[in-house]
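Heads up, input12.csv below (CSV, C-alpha atoms):
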chain,number,residue,atom,x,y,z
A,1,MET,CA,-11.0,6.6,-240.9
A,2,LYS,CA,-10.6,4.4,-237.8
A,3,ASN,CA,-14.3,3.6,-237.7
A,4,LEU,CA,-14.2,2.7,-241.5
A,5,TRP,CA,-11.3,0.4,-240.9
A,6,LYS,CA,-13.1,-1.3,-238.0
A,7,ARG,CA,-16.1,-1.8,-240.3
A,8,LEU,CA,-14.1,-3.2,-243.1
A,9,LEU,CA,-12.2,-5.5,-240.8
A,10,GLY,CA,-15.4,-6.7,-239.1
A,11,ARG,CA,-16.9,-7.6,-242.5
A,12,ARG,CA,-13.9,-9.1,-244.2
A,13,TRP,CA,-11.6,-10.6,-241.5
A,14,THR,CA,-12.5,-14.2,-242.1
A,15,PHE,CA,-11.8,-14.0,-245.8
A,16,LEU,CA,-8.6,-12.1,-245.2
A,17,ALA,CA,-7.4,-14.4,-242.5
A,18,VAL,CA,-8.0,-17.5,-244.7
A,19,SER,CA,-6.4,-16.0,-247.7
A,20,THR,CA,-3.3,-15.0,-245.7
A,21,ALA,CA,-3.1,-18.4,-244.1
A,22,VAL,CA,-3.2,-20.2,-247.4
A,23,PHE,CA,-0.6,-17.8,-248.8
A,24,ALA,CA,1.8,-18.2,-245.9
A,25,GLY,CA,1.2,-21.9,-245.6
A,26,PHE,CA,2.2,-22.4,-249.2
A,27,GLU,CA,5.4,-20.4,-248.7
A,28,PHE,CA,6.2,-22.6,-245.7
A,29,LEU,CA,5.3,-25.9,-247.4
A,30,ILE,CA,7.4,-25.1,-250.5
A,31,CYS,CA,10.4,-25.1,-248.2
A,32,ALA,CA,9.5,-28.6,-247.0
A,33,VAL,CA,9.1,-29.8,-250.6
A,34,VAL,CA,12.5,-28.4,-251.7
A,35,ALA,CA,14.2,-29.8,-248.6
A,36,GLY,CA,12.6,-33.2,-248.7
A,37,ILE,CA,12.6,-34.1,-252.4
A,38,ASP,CA,15.4,-34.2,-254.9
A,39,LEU,CA,13.5,-32.3,-257.5
A,40,PRO,CA,16.3,-32.1,-260.1
A,41,ALA,CA,16.7,-35.9,-260.0
A,42,LEU,CA,12.9,-36.4,-260.0
A,43,PHE,CA,12.4,-34.2,-263.0
A,44,ALA,CA,15.3,-35.9,-264.9
A,45,GLU,CA,13.7,-39.3,-264.3
A,46,VAL,CA,10.1,-38.2,-265.1
A,47,SER,CA,11.2,-36.2,-268.2
A,48,LYS,CA,13.2,-39.0,-269.9
A,49,ASN,CA,10.5,-39.5,-272.5
A,50,PHE,CA,9.7,-35.8,-272.9
A,51,PRO,CA,10.7,-34.1,-276.2
A,52,PRO,CA,13.7,-31.9,-275.6
A,53,ALA,CA,11.6,-28.8,-276.5
A,54,MET,CA,9.1,-29.6,-273.7
A,55,LYS,CA,11.8,-30.1,-271.2
A,56,GLY,CA,13.3,-26.8,-272.1
A,57,LEU,CA,10.0,-25.0,-271.9
A,58,ILE,CA,9.3,-26.4,-268.4
A,59,GLU,CA,12.8,-25.4,-267.2
A,60,GLN,CA,12.3,-22.0,-268.7
A,61,TYR,CA,8.9,-21.5,-267.0
A,62,ILE,CA,10.1,-22.5,-263.6
A,63,GLY,CA,13.6,-21.0,-264.0
A,64,GLY,CA,15.5,-24.1,-263.0
A,65,PHE,CA,15.2,-26.8,-260.3
A,66,GLY,CA,17.8,-25.5,-257.8
A,67,SER,CA,16.6,-24.6,-254.3
A,68,ALA,CA,16.9,-20.9,-254.9
A,69,ASP,CA,15.0,-21.1,-258.2
A,70,LEU,CA,12.1,-23.0,-256.7
A,71,LEU,CA,11.8,-20.7,-253.7
A,72,ALA,CA,11.8,-17.7,-256.0
A,73,PHE,CA,9.1,-19.4,-258.2
A,74,ALA,CA,7.0,-19.8,-255.0
A,75,TRP,CA,6.4,-16.0,-255.2
A,76,ASN,CA,5.1,-16.4,-258.8
A,77,HIS,CA,3.1,-19.6,-258.4
A,78,PRO,CA,-0.5,-19.6,-259.5
A,79,VAL,CA,-1.7,-20.4,-255.9
A,80,VAL,CA,0.1,-17.4,-254.5
A,81,LEU,CA,-1.0,-15.1,-257.3
A,82,ALA,CA,-4.6,-16.3,-256.9
A,83,ALA,CA,-4.6,-15.7,-253.1
A,84,GLY,CA,-3.2,-12.2,-253.4
A,85,GLY,CA,-5.3,-11.4,-256.4
A,86,ALA,CA,-8.5,-12.5,-254.6
A,87,VAL,CA,-7.8,-10.2,-251.7
A,88,ALA,CA,-7.0,-7.2,-253.9
A,89,ILE,CA,-10.0,-7.7,-256.3
A,90,VAL,CA,-12.6,-8.5,-253.7
A,91,LEU,CA,-11.7,-5.5,-251.5
A,92,ALA,CA,-11.7,-3.2,-254.5
A,93,SER,CA,-15.0,-4.5,-256.0
A,94,HIS,CA,-16.9,-4.1,-252.7
A,95,ALA,CA,-15.4,-0.7,-252.0
A,96,VAL,CA,-17.9,1.1,-254.3
A,97,ALA,CA,-19.9,-1.2,-256.5
A,98,GLY,CA,-20.5,-3.7,-253.7
A,99,GLU,CA,-21.6,-1.0,-251.2
A,100,ILE,CA,-24.0,0.4,-253.8
A,101,GLU,CA,-25.4,-3.1,-254.5
A,102,GLU,CA,-26.1,-3.7,-250.8
A,103,GLY,CA,-27.6,-0.2,-250.4
A,104,THR,CA,-25.1,0.7,-247.6
A,105,LEU,CA,-23.0,3.4,-249.3
A,106,GLU,CA,-25.6,6.1,-248.9
A,107,LEU,CA,-25.9,5.3,-245.2
A,108,VAL,CA,-22.1,5.4,-244.7
A,109,LEU,CA,-21.7,8.7,-246.7
A,110,GLY,CA,-24.7,10.1,-244.7
A,111,GLN,CA,-22.3,10.2,-241.7
A,112,PRO,CA,-19.8,13.1,-241.5
A,113,VAL,CA,-17.4,11.3,-243.9
A,114,SER,CA,-16.4,12.9,-247.2
A,115,ARG,CA,-16.1,10.8,-250.3
A,116,GLY,CA,-12.4,11.5,-250.5
A,117,ARG,CA,-11.9,10.2,-246.9
A,118,TYR,CA,-14.1,7.2,-247.6
A,119,PHE,CA,-12.0,6.4,-250.7
A,120,ALA,CA,-8.7,6.9,-248.8
A,121,ALA,CA,-9.8,4.6,-246.0
A,122,HIS,CA,-10.5,1.8,-248.5
A,123,ALA,CA,-7.2,2.3,-250.4
A,124,ALA,CA,-5.2,2.5,-247.1
A,125,PHE,CA,-7.0,-0.6,-245.7
A,126,ALA,CA,-6.2,-2.6,-248.9
A,127,ALA,CA,-2.6,-1.5,-248.9
A,128,ALA,CA,-2.2,-2.5,-245.2
A,129,THR,CA,-3.9,-5.8,-245.8
A,130,LEU,CA,-1.7,-6.7,-248.7
A,131,ALA,CA,1.4,-5.6,-246.8
A,132,VAL,CA,0.5,-7.9,-243.9
A,133,MET,CA,-0.2,-10.7,-246.3
A,134,SER,CA,3.2,-10.2,-248.0
A,135,LEU,CA,5.0,-10.0,-244.6
A,136,ALA,CA,3.3,-13.2,-243.6
A,137,GLY,CA,4.8,-14.8,-246.7
A,138,VAL,CA,8.2,-13.5,-245.8
A,139,GLY,CA,8.0,-14.8,-242.3
A,140,ALA,CA,6.7,-18.2,-243.5
A,141,MET,CA,9.5,-18.7,-246.0
A,142,ILE,CA,12.2,-17.6,-243.5
A,143,LEU,CA,10.8,-19.9,-240.9
A,144,GLY,CA,10.5,-22.7,-243.4
A,145,GLN,CA,14.2,-22.4,-244.4
A,146,ARG,CA,15.2,-22.5,-240.8
A,147,VAL,CA,13.0,-25.5,-239.9
A,148,TYR,CA,14.2,-27.5,-242.9
A,149,HIS,CA,17.8,-26.3,-242.8
A,150,LEU,CA,17.8,-24.5,-246.1
A,151,ARG,CA,20.0,-21.5,-247.0
A,152,ALA,CA,18.8,-21.0,-250.5
A,153,VAL,CA,17.5,-17.5,-250.4
A,154,GLY,CA,18.6,-14.7,-248.0
A,155,ALA,CA,16.1,-12.7,-246.0
A,156,ALA,CA,16.8,-9.5,-247.9
A,157,SER,CA,16.0,-11.2,-251.2
A,158,ILE,CA,12.8,-12.6,-249.8
A,159,VAL,CA,11.7,-9.2,-248.6
A,160,LEU,CA,12.3,-7.7,-252.1
A,161,MET,CA,10.3,-10.5,-253.8
A,162,ALA,CA,7.5,-9.9,-251.3
A,163,ALA,CA,7.7,-6.1,-252.1
A,164,SER,CA,7.3,-6.9,-255.8
A,165,PHE,CA,4.4,-9.2,-255.1
A,166,PHE,CA,2.8,-6.5,-252.9
A,167,LEU,CA,3.1,-3.9,-255.8
A,168,LEU,CA,1.6,-6.3,-258.3
A,169,GLN,CA,-1.4,-7.0,-256.1
A,170,LEU,CA,-1.8,-3.3,-255.2
A,171,THR,CA,-1.9,-2.6,-259.0
A,172,TRP,CA,-4.7,-5.1,-259.4
A,173,PHE,CA,-6.5,-3.4,-256.5
A,174,ALA,CA,-6.2,0.0,-258.2
A,175,VAL,CA,-7.4,-1.3,-261.6
A,176,THR,CA,-10.4,-3.1,-260.0
A,177,LEU,CA,-11.2,0.0,-257.8
A,178,PHE,CA,-11.3,2.0,-261.0
A,179,LEU,CA,-13.8,-0.5,-262.4
A,180,SER,CA,-15.7,-0.4,-259.1
A,181,ALA,CA,-16.1,3.3,-259.3
A,182,PHE,CA,-18.1,2.9,-262.5
A,183,GLY,CA,-20.0,-0.3,-261.4
A,184,ARG,CA,-23.1,-1.0,-259.4
A,185,THR,CA,-22.7,-4.8,-258.6
A,186,ALA,CA,-19.6,-6.4,-257.0
A,187,GLY,CA,-20.0,-9.6,-259.0
A,188,ARG,CA,-19.5,-7.9,-262.4
A,189,VAL,CA,-16.7,-5.8,-261.2
A,190,SER,CA,-14.9,-8.8,-259.6
A,191,PHE,CA,-15.4,-10.8,-262.8
A,192,ALA,CA,-13.8,-8.0,-264.8
A,193,GLY,CA,-10.9,-7.7,-262.4
A,194,PHE,CA,-10.3,-11.4,-262.3
A,195,LEU,CA,-10.5,-11.6,-266.1
A,196,LEU,CA,-7.9,-8.9,-266.5
A,197,ALA,CA,-5.6,-10.5,-264.0
A,198,LEU,CA,-6.0,-13.9,-265.7
A,199,LEU,CA,-5.4,-12.5,-269.2
A,200,SER,CA,-2.2,-10.8,-267.9
A,201,TYR,CA,-1.0,-14.1,-266.3
A,202,LEU,CA,-1.8,-16.1,-269.5
A,203,ALA,CA,0.0,-13.5,-271.7
A,204,HIS,CA,3.0,-13.7,-269.4
A,205,THR,CA,3.0,-17.5,-269.4
A,206,VAL,CA,2.5,-18.0,-273.1
A,207,GLY,CA,5.1,-15.4,-273.8
A,208,GLN,CA,7.6,-17.3,-271.7
A,209,LEU,CA,6.8,-20.7,-273.2
A,210,TRP,CA,6.3,-19.8,-276.9
A,211,PRO,CA,9.2,-17.8,-278.5
A,212,ARG,CA,6.9,-16.4,-281.2
A,213,ALA,CA,4.7,-14.9,-278.5
A,214,ALA,CA,7.6,-13.5,-276.4
A,215,PHE,CA,6.5,-9.9,-277.2
A,216,LEU,CA,3.4,-10.5,-274.9
A,217,VAL,CA,5.5,-10.5,-271.8
A,218,ARG,CA,6.2,-6.8,-272.0
A,219,TYR,CA,2.4,-6.1,-272.3
A,220,SER,CA,1.6,-8.2,-269.3
A,221,VAL,CA,1.6,-6.6,-265.8
A,222,ASN,CA,2.8,-10.0,-264.5
A,223,GLY,CA,5.8,-9.7,-266.7
A,224,TYR,CA,7.2,-7.0,-264.4
A,225,HIS,CA,7.0,-9.2,-261.3
A,226,ASP,CA,10.1,-11.5,-261.7
A,227,PRO,CA,11.2,-13.0,-258.4
A,228,ARG,CA,13.9,-15.0,-260.1
A,229,SER,CA,15.7,-12.0,-261.3
A,230,ILE,CA,15.2,-10.3,-257.9
A,231,ALA,CA,16.8,-13.3,-256.2
A,232,LYS,CA,19.8,-13.3,-258.6
A,233,SER,CA,20.3,-9.5,-258.8
A,234,GLY,CA,19.3,-8.5,-255.3
A,235,GLY,CA,17.1,-5.7,-256.4
A,236,ILE,CA,13.7,-4.9,-258.1
A,237,PRO,CA,14.3,-3.6,-261.7
A,238,ALA,CA,13.8,0.1,-261.9
A,239,GLY,CA,11.4,-0.4,-264.9
A,240,SER,CA,9.2,-2.6,-262.8
A,241,LEU,CA,9.0,-0.1,-260.0
A,242,VAL,CA,8.2,2.7,-262.4
A,243,LEU,CA,5.4,0.7,-264.1
A,244,PHE,CA,3.8,-0.4,-260.8
A,245,PHE,CA,3.8,3.0,-259.2
A,246,LEU,CA,2.5,4.6,-262.4
A,247,LEU,CA,-0.3,2.2,-262.8
A,248,ILE,CA,-1.3,2.5,-259.2
A,249,ALA,CA,-1.2,6.3,-259.2
A,250,VAL,CA,-3.1,6.6,-262.5
A,251,PHE,CA,-5.9,4.1,-261.7
A,252,LEU,CA,-6.4,5.3,-258.1
A,253,GLY,CA,-6.5,8.9,-259.4
A,254,LEU,CA,-9.1,8.0,-262.1
A,255,ALA,CA,-11.1,6.0,-259.6
A,256,LEU,CA,-11.2,8.9,-257.1
A,257,TRP,CA,-12.2,11.3,-259.9
A,258,LYS,CA,-15.1,9.2,-261.0
A,259,PHE,CA,-16.2,8.3,-257.4
A,260,GLU,CA,-16.5,12.0,-256.4
A,261,ARG,CA,-18.6,12.8,-259.4
A,262,ARG,CA,-20.9,9.8,-259.8
A,263,ASP,CA,-24.5,9.5,-258.6
A,264,ILE,CA,-25.3,7.2,-255.7
A,265,PRO,CA,-27.1,4.9,-256.1

Taking this structure as input, can you express it in the form of structure tokens?
Amino acid sequence: MKNLWKRLLGRRWTFLAVSTAVFAGFEFLICAVVAGIDLPALFAEVSKNFPPAMKGLIEQYIGGFGSADLLAFAWNHPVVLAAGGAVAIVLASHAVAGEIEEGTLELVLGQPVSRGRYFAAHAAFAAATLAVMSLAGVGAMILGQRVYHLRAVGAASIVLMAASFFLLQLTWFAVTLFLSAFGRTAGRVSFAGFLLALLSYLAHTVGQLWPRAAFLVRYSVNGYHDPRSIAKSGGIPAGSLVLFFLLIAVFLGLALWKFERRDIP
């Protein structure tokens, strides 16, 4: 497994480093924005001509313009979700389908490595990568608050928001790995994974903004990643943990089942 990790890191380290840097940089910069701009006053001035309904929708989507609300929203911002989702989906799509497309999977499995061990190495590498990425975000936000003299969100709450983010992205990894176990080209698998993640995000967003579509939130995976409630309650809802762990276990199990039985190439 050590050699497989070295191989994965050697092939993906640039992409992983850039994605992590973007993610952590955003978490740091959001602290600068919150500390340097009076966002509640700015929004009040800009939204003077907005219809009351639009103002309410914006406030509902962001969750408020207090420092704690904005820092919590930083863990659910499209930039953050895109960076994490890109890592999860790219790693999963290349684990099987990408290796088949490149003609390298047969060579790797020709070594004394079982399919189960190969699969476990990819899953463990993705989990470790997403954990490092999440911890980088934690460190960046804690550092940002210290640098800009903010005391909006405690370290414990930041860690919990990062844990929820980690589980969300690990879920997308598991779903995409399931697709990868059936696929033969990384591009198609990546597209399918990104499409599912996008549809989940849109369902969650539309459900928040449009009362008649509120039912969509409970059918969206993103609906179970709620940093605002974590910051306020100091804990990840039990229902979210159950759903994330269930989806991860089911899709990883199905992916392994298919991978051990499929023909290569």

Seminar exercise, completed: Residue with the minimum atom-to-atom distance to Ile37 (chain A), picked from A:Phe194, A:Phe73, A:Tyr148, A:Phe182 with all atoms listed in the file counted, is A:Tyr148

Problem set entry | Distance criterion (only C-alpha atoms): nearest to Leu29 (chain A) out of A:Gln208, A:Ser229, A:Ser240, A:Gln145 | A:Gln145

Problem set entry | Polymer residues at most 7 Å from region 164-168 of chain A, all atoms listed in the file, same-chain spacing of 5 or more positions, as a list in words |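 Non-adjacent residues within range: Leu130, Ala131, Ser134, His225 and Phe244 of chain A.
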
Problem set entry | Expected answer as a PyMOL selection string: all residues with atoms within 9 Å of (-10.3, -16.1, -260.5), all atoms listed in the file | chain A and resi 82+85-86+190-191+193-195+197-198

With C-alpha atoms kept, could you save the residues just selected as a tab-separated table (two decimals), in the coordinates of the input?
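To be explicit, this is the file written out as out.tsv:
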chain	number	residue	atom	x	y	z
A	82	ALA	CA	-4.60	-16.30	-256.90
A	85	GLY	CA	-5.30	-11.40	-256.40
A	86	ALA	CA	-8.50	-12.50	-254.60
A	190	SER	CA	-14.90	-8.80	-259.60
A	191	PHE	CA	-15.40	-10.80	-262.80
A	193	GLY	CA	-10.90	-7.70	-262.40
A	194	PHE	CA	-10.30	-11.40	-262.30
A	195	LEU	CA	-10.50	-11.60	-266.10
A	197	ALA	CA	-5.60	-10.50	-264.00
A	198	LEU	CA	-6.00	-13.90	-265.70

For this session: Show which residues sit within 8 Å of Met161 (chain A), as a VMD selection string. Count all atoms listed in the file, and ignore same-chain residues fewer than 6 positions away.
Result: chain A and resid 72 75 226 to 227 230 to 231 236

Seminar exercise, completed: Taken to one decimal, the CA of Phe173 (chain A)-CA of Ile89 (chain A) distance is 5.5 Å

If you take only C-alpha atoms and a cut-off of 12 Å, which residues of region 137-207 of chain A touch region 252-259 of chain A, and what are their nearest atom pairs and distances in Å to one decimal, in chain and number order, as a Markdown table?
| residue | atom | partner | partner_atom | distance |
| --- | --- | --- | --- | --- |
| A:Leu170 | CA | A:Leu252 | CA | 10.2 |
| A:Thr171 | CA | A:Leu252 | CA | 9.1 |
| A:Trp172 | CA | A:Leu252 | CA | 10.6 |
| A:Phe173 | CA | A:Leu252 | CA | 8.8 |
| A:Ala174 | CA | A:Leu252 | CA | 5.3 |
| A:Val175 | CA | A:Leu252 | CA | 7.5 |
| A:Thr176 | CA | A:Ala255 | CA | 9.1 |
| A:Leu177 | CA | A:Ala255 | CA | 6.3 |
| A:Phe178 | CA | A:Ala255 | CA | 4.2 |
| A:Leu179 | CA | A:Ala255 | CA | 7.6 |
| A:Ser180 | CA | A:Ala255 | CA | 7.9 |
| A:Ala181 | CA | A:Phe259 | CA | 5.3 |
| A:Phe182 | CA | A:Lys258 | CA | 7.1 |
| A:Gly183 | CA | A:Phe259 | CA | 10.2 |
| A:Arg184 | CA | A:Phe259 | CA | 11.8 |

Exercise. So which residues fall inside 9 Å of (6.2, -24.4, -252.1) if we count only C-alpha atoms? Mind giving them as a list in words?
Worked result: Gly25, Phe26, Glu27, Phe28, Leu29, Ile30, Cys31, Ala32, Val33, Val34, Leu70, Leu71, Phe73, Ala74, Trp75, His77 and Met141 of chain A
